[in-house]
Structures are given as C-alpha cells and as structure tokens.
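**Q** Would you mind keeping the following structure in view while I ask a few things?
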Amino acid sequence: MENKEEIIKVLIDKINNANDLKTLNDLKVEYMGKKGIITELQSKIKDIPNEQKKEYGMNVNEIKNAFETNYATKETELKTAELNKKLESEKIDVTLPSKRIRKGSKHPMTRIREEMEDLFVSMGYEVYDGPEIETDENCFQKLNLPLGHPARDAQDTFYLENEYEAFLLRSQTSTGQVRVMEANKEKGPIRVVCPGKVYRRDDDATHSHQFMQMEGLVIDENVSMADLKGTLELFSKKLLGDKTEVRFRPSFFPFTEPSVEVDVSCFKCGGKGCPLCKQTGWIEVLGAGMVHPNVLRMCGYDPEKYQGFAFGTGLDRFAMFKYGITDIRTIYGNDLRFLNQFDRKDD
Amino acid sequence: MKLSRKFLSDYVDIKDIDYAQLAEDMTNVGNEYDECSKLIPATNLVIGQVIKCEDHPDSDHLHVCKVDIGSEVLDIVCGAPNCREGIKVIVAKVGAQLPGGEIKAGKIRGAESNGMLCSIAELGLDSKFLKEEDYKGIAELGEDAKIGDDPIAYLGLDDDVIDFELTSNRGDLLSILGMAYEVGAIYNRPVNEVDTTYEEEGLIDFNVEVETDNCPMFLAKQVKNVTIKESPEFIKNRLIASGIRPINNVVDISNYVMLELGQPLHFYDNDSLGNKIVVRMAHDGEELTTLDNEKRILSSEDIVITNGTEAIGLAGVMGGLSTEIEETTKNILIESAQFNSIKIRKTSKKILRSEASNRFEKGIDYKRTYLAIDRCCNLLEKYADATIVGGMMEYNTIEDKENKIVVTAEKINKVLGTDISYEEINDIFRRLGFTVYGVNGTFEVIVPSRRMDISIKEDLIEEVGRLYGMDNIKGTKLVLPLKEGSYDKNLRAIKNKMTDMGLDEALSYALIPETEVHKFTTEEFTHVNLADPMSEDRKTLRYSLLYSLKEIYEYNKARNLKDVCIYEVGKGFYKENDEYKEENKLACLMTGKYYLDIQNSNVDFYTIKGIVEELLDYLGYNGRYTITTGNVPVELHPYQSAVIIMQGKEIGVIGKLHPTVTKDDVYVFEINLDKLLQNKVSTIKFKEIPKFLKMVKDVAFVVDKSINAADIEKAIKKAGGRLLTNIELFDLYEGENIQPNEKSLAYKLEFNDPTKTLTEEEVMPLFNKIIDDVCKSLNAKIRN
C-alpha cells in the first residue's frame, strides 16, 4: 500500500482539527463506519494477492491503530475540556454564608455545675439534688439551727404562705446533707455533692434572690479535717488552676464543728494582691467543717462511730470568677448577647 | 465590735505586739476583722503655743500668728475667733494629712502661712462624737501641754482600733475582758483582774419581782448622791474608740462597763422609779415612751420592766423616758439582768438593734451579771462621787453548774487529722484559761462560764484546732473504698441535645406573679405562694416555665434581638392533698430564624415539632409518642397547636403562641420530664441488616383537607403489615387539579422481607390492599 503514510497523515490532521465531540464522532463514521475508509480498506483484503495479504493486513492495521490511538487521545482531550467548561459554569461563591442551624449554648451556671459534678463524680461522689420546697426541719432544725437561732437571720428565708416556720424555699443546699444521711441510715461511707437552686430574700449586684449552691458531704468512720483540706486542695487546683493554694480560717457554722472558712489564693494575681482579692491575695470561696454531732445524731448517725466533713459553696461566685462577670443579675437576665457567649467548649 | 488597744491593754499586756499583727493573729483563730486603723489617722501634728497674734491687715477675721512648736517658730494665718496670744494649740505642720486634705505652705492674702491651727473637728473624729465647741474654734490645750509633743497623745486619743466581724457563737468576745482572754490565749499571757472594790453604806430598800420565765436573772443595787458631770478623759476616749458617744459620767459608766465586761446595764433615776420593779411580759397594745421620745406599742412577745403599775422600760432593748438619768439625778438604781435571747431578738428587730440587745441576743455569762454590777459601783464611787448602798436585790434562777467535758487526744487528732502531742493540747487548754485534769491521754476539761459556746467535745476539738492553727493542718488524700460516682444522666442528656440542636439554655427565676401561674397549661392545680414576697412579681412559684420564656423573648425583642431559640429545664411547683410537689419540666421557645442561611426562612410549627421529635427519639422514645390535636392551653393558637402523648398519657403541649399573647410568630413547647422519664428505655439492641433488596412503591392519595396525615399513615401501616418496613410522605399538594376542599399526599412505601428478595407478584397484592383499605376507610382517591 503505497499511500499508507498519506492516509495516516490525513486522518491525524482531521482528528487534530476536530474541535468538538460531534466532529470527532463524524470522523469515526468516516473511517470506521460501515462504509468508512478503514472498513473499506479492510474489506479489500480479499482482492489482494495471497503473497501480499500479510503486508497489506499489517498496513491496514497500522492505519486502524493510528486512528484509534489518536481518536482516543482526542476524545479524552475534548471530554475533559467539555467537563471543565461545565464545571466552570457551576462556579459558586464559597464565601457566601453556610447553611447551618444556629449555635446553641449551655447556660454558664450549667457549665459550672457540670464541671463541678464531673470533678466530684470522678472522685466517686454521687450527685444529689433534692426538692426546692423544703421543711423548716430539713433546712434548719436538723442542721442544728433550732427555731429562734440567731444564725437564721443571716439567711432571710422565704416561707410559703400560711407555712411560717414549717415550709420554705430552701435557703441552702445543706438540706441535701439531711436527706442523703436519712436515706442511707447509719451506713457509711457517704460521698455526695448536692448542687442546686437556693432562695434568699436578697437582690443586688452580688446577690440574687435565686442562686445556686453546692453542698458536699463525706461521712465514714475516720474522715478528718485533713481529708477535707486535701479534698478542697484537689478541687481548687482542678477548678482554678494547678497553682491554687487553699487556706483554712477557723469560723462558725451551726452545722459543723469545727468550722472553717476556706480561702483560695487569688487566681487573678496569683496572691500578690489585686482589686479582685481586695489586695489580700486570698478569695473566700467556701464554708466547711466537720459535721456537727447533733446533725449526725438527728440524721440517724451515731457520732461516736461516724464522723465526716461537709462544705458548701456558691456556684454563682465561681461562674462570676471564671467568666469575669461582675453583676450577678447578668446571669439571670437571659439576654441573648450574654447567653450566646457560651456556645463553645472552653479550656 | 471595735477593740481599742488602750482599753484592751488594761487587761492584757500587749505593749510589744504590733496592733495590725494582733488583728491578723485574731483572724487566724477565727475572729475576722474588717479594719485596723488609728483612732485619729491625722499625721504631722505637734503642740505649739501662739506667741504672737495680730490681725491680718487685709482681712476682718484672719489672724497672723507666730507659733512656737519647740523646734522652730512658724508663721501661720488663722481664722478662728478664739485665736490669741498665749494659748496652746494643735499645729498641723506642712505636709500633715488631715481628713480635709494635705496642709501646704502658702500665702493667705499676702501673709505667709506654714501650717494650720486645728479645731477638734478637723482631726477626723466621727461627727457623732463632736460637740458644738469642737467646730467653733481652734482647740485650746491645757497649760500642762508640752510644746513640741504629740497633741493626739496629749488628748489621750492616740489609740488604735480593730473592727471585728465576730461569729454569732462568740458572744463572749463582745467585751474587752473576753477579748483579753482570747488575746491572752494566743500570746500565752495572763489576764488582769477586774477592780470591783468599793465601800458600802446603809441597806438597800427596794423590791424586785419577776413574773416571767424570760428573765432568768435580775440584780439591782442602789447608789446615792451621785454628781452628774463630764467623765474623765480615759472613759470618754475609750467610749469614742469603741464607737459610743460620751454623755455624762453616769451614763458613760453604764456603757463603759457594758463594753468592758459584755453585760448591758440599765441605770434608773431611783427617785422617779419608786422602790419597786416588776418584770413581766407586756400586754398586747401596752404603751411605752422610750428614751428616744418615741411612743411604742408593745405586744405580749416583749419583756417589759415596770414599776408595778406601768411599763418603764423595754427589757434589754431600750429604757423608758420616765426614769431616765438627768442632770438633776441624785439616786440611781442599777439593773444588771439576763433576758431570753430569742425574745430580745424579736423585740429589737422590731424596735431598735442596739449594743445592749446585740449582747443579750448572743447570751451573757451569768457571772458577768454579778461582776458588772460591782464594777459599776466601783466606777460610780470613783468618778461620780457615789455612795453605794449596802446589799443587793437578787433574783437568780440560773444554776451554777460546772461545765466539764471529757475528750481524748486520740479523738482530737482523729477529727482534725493531725498528730498534736498530749502536751501541746494540754498547753492550749491552759492558755485558754480552761482547767484541765489529764490522765492517760484523756482530758477532763472544766470550761469557764464565759465560754458559753462550748458544750461538747467537738467544741474543745475546735478550740485545739483554732489555736494549733487550722491552716497548719496538712491536707491528706481521702481514702475510701473505690466506688463509681453518678449523676442524673437524663437531665444532662436533654440539655446536651437541646444545646446541640442550636438552642440557648436560659435560666430564669422560679418566682413569678400570681396572676400568671395558671397560664400555659390546661391542668387544674393549687399553686404555691410565698408568705412574704419581695414583690408581687416574685410572689408565686411557677407551674409552667413558658411564662418565663415568654418574658425572656419580650426582653430580647425589646433589644431588637428577634431570633430567639431558647430552652430551660426547671421545676414546676404545686400543692396536692396538703403535699408540696415539684416536677422537672423542659420548656422551649422558638421564633425568627433557626436555619442560618440566606433563605431567611423563619421558624414554623414543623421546625419546633422537629425539635421535639429529635429530642424524644434521641432519648429512645421513637415510635412511642404521638403529637396530635387535643385540648391545648388558651395561650396557644387553637389550630396550630397539639398535645404530646406518650403511651396514652399527655406529657406536654406544643404550638404557636396565640395572637392575643403576641402578634409575632412564636412557637413553644413544654414537656413534663418526670412524666416522660417514667417511661423506661432499653439499651440499643442490634437488628440484623436486611440481606435482601427492598422494593419501593409510590402512591398519592387525595383526601378531604380535614384528614390528618397521621390518620393516613396509620391506615397504611395497618394494611401493610409486617412486610411494609417504611413509609415516607414525600409530597403534599393542594391547588390546581385538586378540589379546593382536598389535598394530595404522596407516599413512598418500602417493602422488605428479611428472608428473601420480594418479587413484583408478592408485593402488588399487598400494595393494592393498602390502596383499597386507605381509600375505603378515609374516603380517599388515588391521584394519577
């Protein structure tokens, strides 16, 4: 076949000149179709003398291969181009706002409460939150605050209508102590924290008539004041940072004996003195002590056999410290611009 | 309680102790202080003498003076009318810090002035201690004042004061003597005796009758021929340092002894009083004019002192006007008594909290009741020229009982978690003035009557802890058997889920107005009120949380924050059969945008319904609840709200707020969590993944508009049986080609058999049965 080179050159030119898939497809018909150039060349083999058949066949194959190879290359090229064109037409503005649901937030008091719960749960404590309407007995009397006790004045209590000195809104979560001890009746050990809402007649920048406390109680046969200190040291370091130190000052609470007020080294200035700690380097965060034997006895425990510690703290104060909130009313104001700030994990 | 250094020094030697350090050391044993300061903080003062005083040439009242202050002679311009040559004065030198500011050198109308001559009022004493003459002119010191000396010391006002914030159990520290014992214990120093010596003449002629249990002790002593005059300097200055205004020697002595010994006293003008006192409870409505010239209406809760016919004093709180000590008083009856602390507290809360009532409220050592009356006699004899009448009227029902407590060193260390030696404990008790008998590690401690706060061994343990130093206790690791801690996982799961679904958790007040408590619920209940609310807005405990959420919505809307999606978990309160009940509730409010895209589509009923379903399914209740039409609160839109039913019981409501509640499109729901969580949820049980392909068929029903989608679904399910594994509503159509009273709902039905691949022949009869059943039961047609 003397014009093989010519045929291949032409077909390559034609393929290369095809600018779209349709033109390219037409070439396939032109060459490979029923009456296509290559098809015709193939069918002519029968007219070729036997001794030339082999060479002729090889030439036709060479032409066919040339077509197919070039065709495939061109087809890929054109398809890619076409796809790219399509993709380009689909261009979007990736900087437009996303489709999502709004971000939810957990209230800072819940965050603080859960943080504290988790810490104590990890130490084997149970979390208990009793009723908010309580008896005078559970809120005061069984905590060694009999009727007429002067320390009751400090907790201006909300009594319920027609229930003076009978039913009240709990003024402290220490009620949890009473309930847990009575439920366990003379069985140790007890390890419990009682976080929850409490109510007192008070409303200003640092006091809200509704706020949150957490009571802790540990009872067994050998639980000591030193254990209390160890526990609060761990608690303070976890919650306020590893460098936090704990200081005990003797104090008085009717439900503990001995009693202490617990200061932590100021987490803002590290103890050097600043406006937050009023230049003292210390911040009072807790009241604590060894459960008063009268309380143990009234709640069904033999003070000769059992002893333990209790502590109580205001969670609002911790939230205010942690997040730098200065007015407690912000916490209960439910302004979305406040709530929305608590929409992510922290530390 | 203000503690004067000078006053304290009468009873314990603290010469070598820095007063600020004493304040710290007292705090460390449990007596916190507020402030420690000088009685007169002014600086750079010196005694001077005016050696020359001429009128200022350019002024009608100023004087140009030369003042000798020992080291030099100062030129000072002074405007006081009493300024004259020869008087000894208080000079504030240049640089002196006075409450009015710093003294600077300068020229006053051309005349050089290098300091200031001071009046008493300019030194910084509280105005309640100042007399008229203290303001009128400069202070004129006595002839004995030494030029160049410190005038504050000359006046006896060179004192330091610690203001203590005492705990309510330490009534014994409301006295100088009590403080001296405490300070003595800290520094291991003896406490001086109180001088109670005096001469007596004649015999008392007076009667005391006590007709109430609320006065366990009443002592009376007569004193004759007193001279009423000004108190000596030291009494006046100590009263001032303690915050009490000096009046005259007799009144001052009663206050002085109260401060010194902690026993409030009352002095009556014996001639106005007569010769009899009867102590009783007041009659309801009984009247008494008290010292402050106020007419008081008494009740049977108040203890009164009477002269046998009428009230002359409100026991422990305030004396009566009729028997007041006056300039002309000659003869005095001294009362030193004990009254029931609870009664005093109630009366004083009503009338006036005073130094006296504060002490009675905390309780007083009965030995001080005796000591105080003798101390009064001692001082009245010395400083009021009194003649003390022999004998005393004594009513006393208080038993003189030894307060003996036994405690072991082992118990002390076991409670404190310490290793304090027997000797050290013994020493602490001794320093506190306790009498100790000890054998074999056991202490028998006799506690003096002044320490009324100590009655059990734990109190002694606290004393040891206090003086050993609570802060010296080393923290130890609590060792208890291992146990898994626990908390309420459900409540936390609910909050997590709600937050994850894009809602903000709110925290609002449980107290709401009474007028709102029955809203947002159809339930009948007895609500709970406070006895004495702070305001009408915080009177009643809420039953539903939705009122609070609506308030929060309105608050935020007023601040132009209109996309509000919030929830709260809290309690609802009510009373039932004389029992107070509280139930956990979850409430949610949604309005404005929930999806944050540029479509700006707002929350609708189906958005909030999705929240409920997502939550309930998450909690494991999938398929066990329905949201359906029912009896909804009138605060909700009657045709865009529903009830949430769980296993036949209503557990909540959901819907749009009624246009009379708000004009905006606001959606809410509330679920009673206690009712919800009663329904137990099992752990997730794995179901085999279908091995065979499912077959899907579509069908659209045209039904009357009044038919609920839930009814159609129910009918499909019923007809489909076991092989029908899923139903999905994929199109809801009303409009063209459909009658106006009709709607079309198109469903995708999935069939699956766990044992084999279903064939067309098997599914078709089932599919046709579904169509037939739905058409028949709901009068539906197939849409082609």
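Following the order of the structure tokens, first chain is A, next is B, and so on, with residues numbered from 1 inside each chain and ligands from 1 in the order they appear.
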How close does each residue of chain B get to chain A, giving the shortest atom pair and distance in Å to one decimal for every residue with an atom at most 6 Å away, counting only C-alpha atoms, sorted by chain and residue number, as a tab-separated table?
**A**
```
residue	atom	partner	partner_atom	distance
B:Asn28	CA	A:Arg249	CA	5.8
B:Val29	CA	A:Pro250	CA	5.8
B:Gly30	CA	A:Pro250	CA	4.2
B:Thr167	CA	A:Phe252	CA	6.0
B:Ile342	CA	A:Gly148	CA	5.7
B:Val415	CA	A:Ser224	CA	4.8
B:Leu416	CA	A:Met225	CA	4.6
B:Gly417	CA	A:Ala226	CA	4.7
B:Glu458	CA	A:Glu257	CA	5.9
B:Glu462	CA	A:Pro258	CA	4.5
B:Arg466	CA	A:Pro250	CA	5.9
B:Met470	CA	A:Phe248	CA	5.7
B:Asp471	CA	A:Phe248	CA	4.7
B:Ile473	CA	A:Ala226	CA	5.9
B:Lys474	CA	A:Ala226	CA	5.8
B:Gly475	CA	A:Gly230	CA	3.8
B:Thr476	CA	A:Gly230	CA	4.6
B:Lys477	CA	A:Gly230	CA	5.4
B:Leu478	CA	A:Asp227	CA	5.0
B:Lys483	CA	A:Gly124	CA	5.2
B:Glu484	CA	A:Gly124	CA	5.0
B:Gly485	CA	A:Gly124	CA	4.0
B:Ser486	CA	A:Glu126	CA	4.7
B:Tyr487	CA	A:Val127	CA	4.9
B:Thr499	CA	A:Gly104	CA	4.5
B:Asp500	CA	A:Gly104	CA	5.9
B:Gly502	CA	A:Gly104	CA	3.6
B:Leu503	CA	A:Gly104	CA	4.2
B:Asp504	CA	A:Ser105	CA	4.5
B:Glu505	CA	A:Lys106	CA	5.0
B:Ala506	CA	A:Asn334	CA	5.9
B:Leu507	CA	A:Tyr332	CA	6.0
B:Ser508	CA	A:Tyr332	CA	5.6
B:Asn529	CA	A:Glu161	CA	5.4
B:Leu530	CA	A:Leu160	CA	4.2
B:Ala531	CA	A:Glu161	CA	3.7
B:Tyr594	CA	A:Arg102	CA	5.7
B:Tyr595	CA	A:Ile101	CA	4.4
B:Leu596	CA	A:Arg100	CA	5.3
B:Asp597	CA	A:Lys99	CA	4.7
```
**Q** Would you return as number ranges by chain the members of region 275-494 of chain B that DSSP assigns to alpha helix (DSSP H) on this structure's backbone?
**A** B: 341-350, 355-362, 366-383, 409-416, 422-431, 457-468, 489-494
**Q** Report, in Å with one decimal, the straight-line distance from CA of Pro49 (chain A) to CA of Ala66 (chain A).
**A**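 According to the coordinates, CA of Pro49 (chain A) and CA of Ala66 (chain A) are separated by 24.7 Å.
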**Q** Please report the interatomic distance between CA of Val91 (chain B) and CA of Ala111 (chain B) in Å with one decimal.
**A**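 These atoms are spaced 17.5 Å apart.
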**Q** Residues near Thr39 (chain A), anyone? I mean within 12 Å using only C-alpha atoms, not counting same-chain ones fewer than 4 positions away, as a PyMOL selection string.
**A** chain A and resi 28-35+43-45+60-61+63-64+67
**Q** If we count only C-alpha atoms and set the cut-off at 7 Å, which residues sit around region 663-669 of chain B, ignoring sequence neighbours fewer than 4 positions away in its own chain? Please answer as a count of residues only.
**A** 13
**Q** Between CA of Ala409 (chain B) and CA of Leu173 (chain B), measure the distance and give it in Å to one decimal.
**A**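 Pair CA of Ala409 (chain B) / CA of Leu173 (chain B) returns 27.0 Å.
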**Q** As an NGL selection string, please: the residues near Thr522 (chain B) (cut-off 7 Å, only C-alpha atoms, same-chain neighbours under 2 positions excluded).
**A** :B and (524 or 632-633)
**Q** Write out as an MDAnalysis selection string all residues of region 240-339 of chain A that backbone DSSP assigns to strand (DSSP E or B).
**A** chainID A and resid 246:253 256:265 282:291 307:314
**Q** Between B:Gly308, B:Gly390, B:Pro81, B:Gly86, which one has atoms that come closest to Val223 (chain B), using only C-alpha atoms?
**A**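 The closest residue to Val223 (chain B) is B:Gly390.
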**Q** Excluding same-chain residues fewer than 4 positions from Asp134 (chain B), what lies within 9 Å of it counting only C-alpha atoms, as a PDB file with C-alpha atoms, in the first residue's frame?
**A**
```pdb
ATOM      1  CA  SER B 119     -10.043  72.551 115.791  1.00  0.00           C
ATOM      2  CA  ILE B 120     -11.009  69.182 117.265  1.00  0.00           C
ATOM      3  CA  ALA B 121     -13.456  68.749 114.397  1.00  0.00           C
ATOM      4  CA  GLU B 122     -10.626  68.911 111.867  1.00  0.00           C
ATOM      5  CA  LEU B 130     -18.171  66.200 118.292  1.00  0.00           C
ATOM      6  CA  ILE B 138      -9.275  76.013 117.387  1.00  0.00           C
ATOM      7  CA  ALA B 139      -8.660  73.603 120.216  1.00  0.00           C
TER       8      ALA B 139
END
```
**Q** I'd like the neighbourhood of Asn214 (chain B) as a PyMOL selection string, where a residue qualifies if any of its atoms comes within 8 Å (using only C-alpha atoms), though same-chain residues fewer than 3 positions away should be ignored.
**A** chain B and resi 303+339-340+343
**Q** Using only C-alpha atoms, find the one residue out of A:Ile283, A:Val94, A:Ile15, A:Val178 that sits nearest to Glu68 (chain A).
**A**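 Nearest to Glu68 (chain A): A:Ile15.
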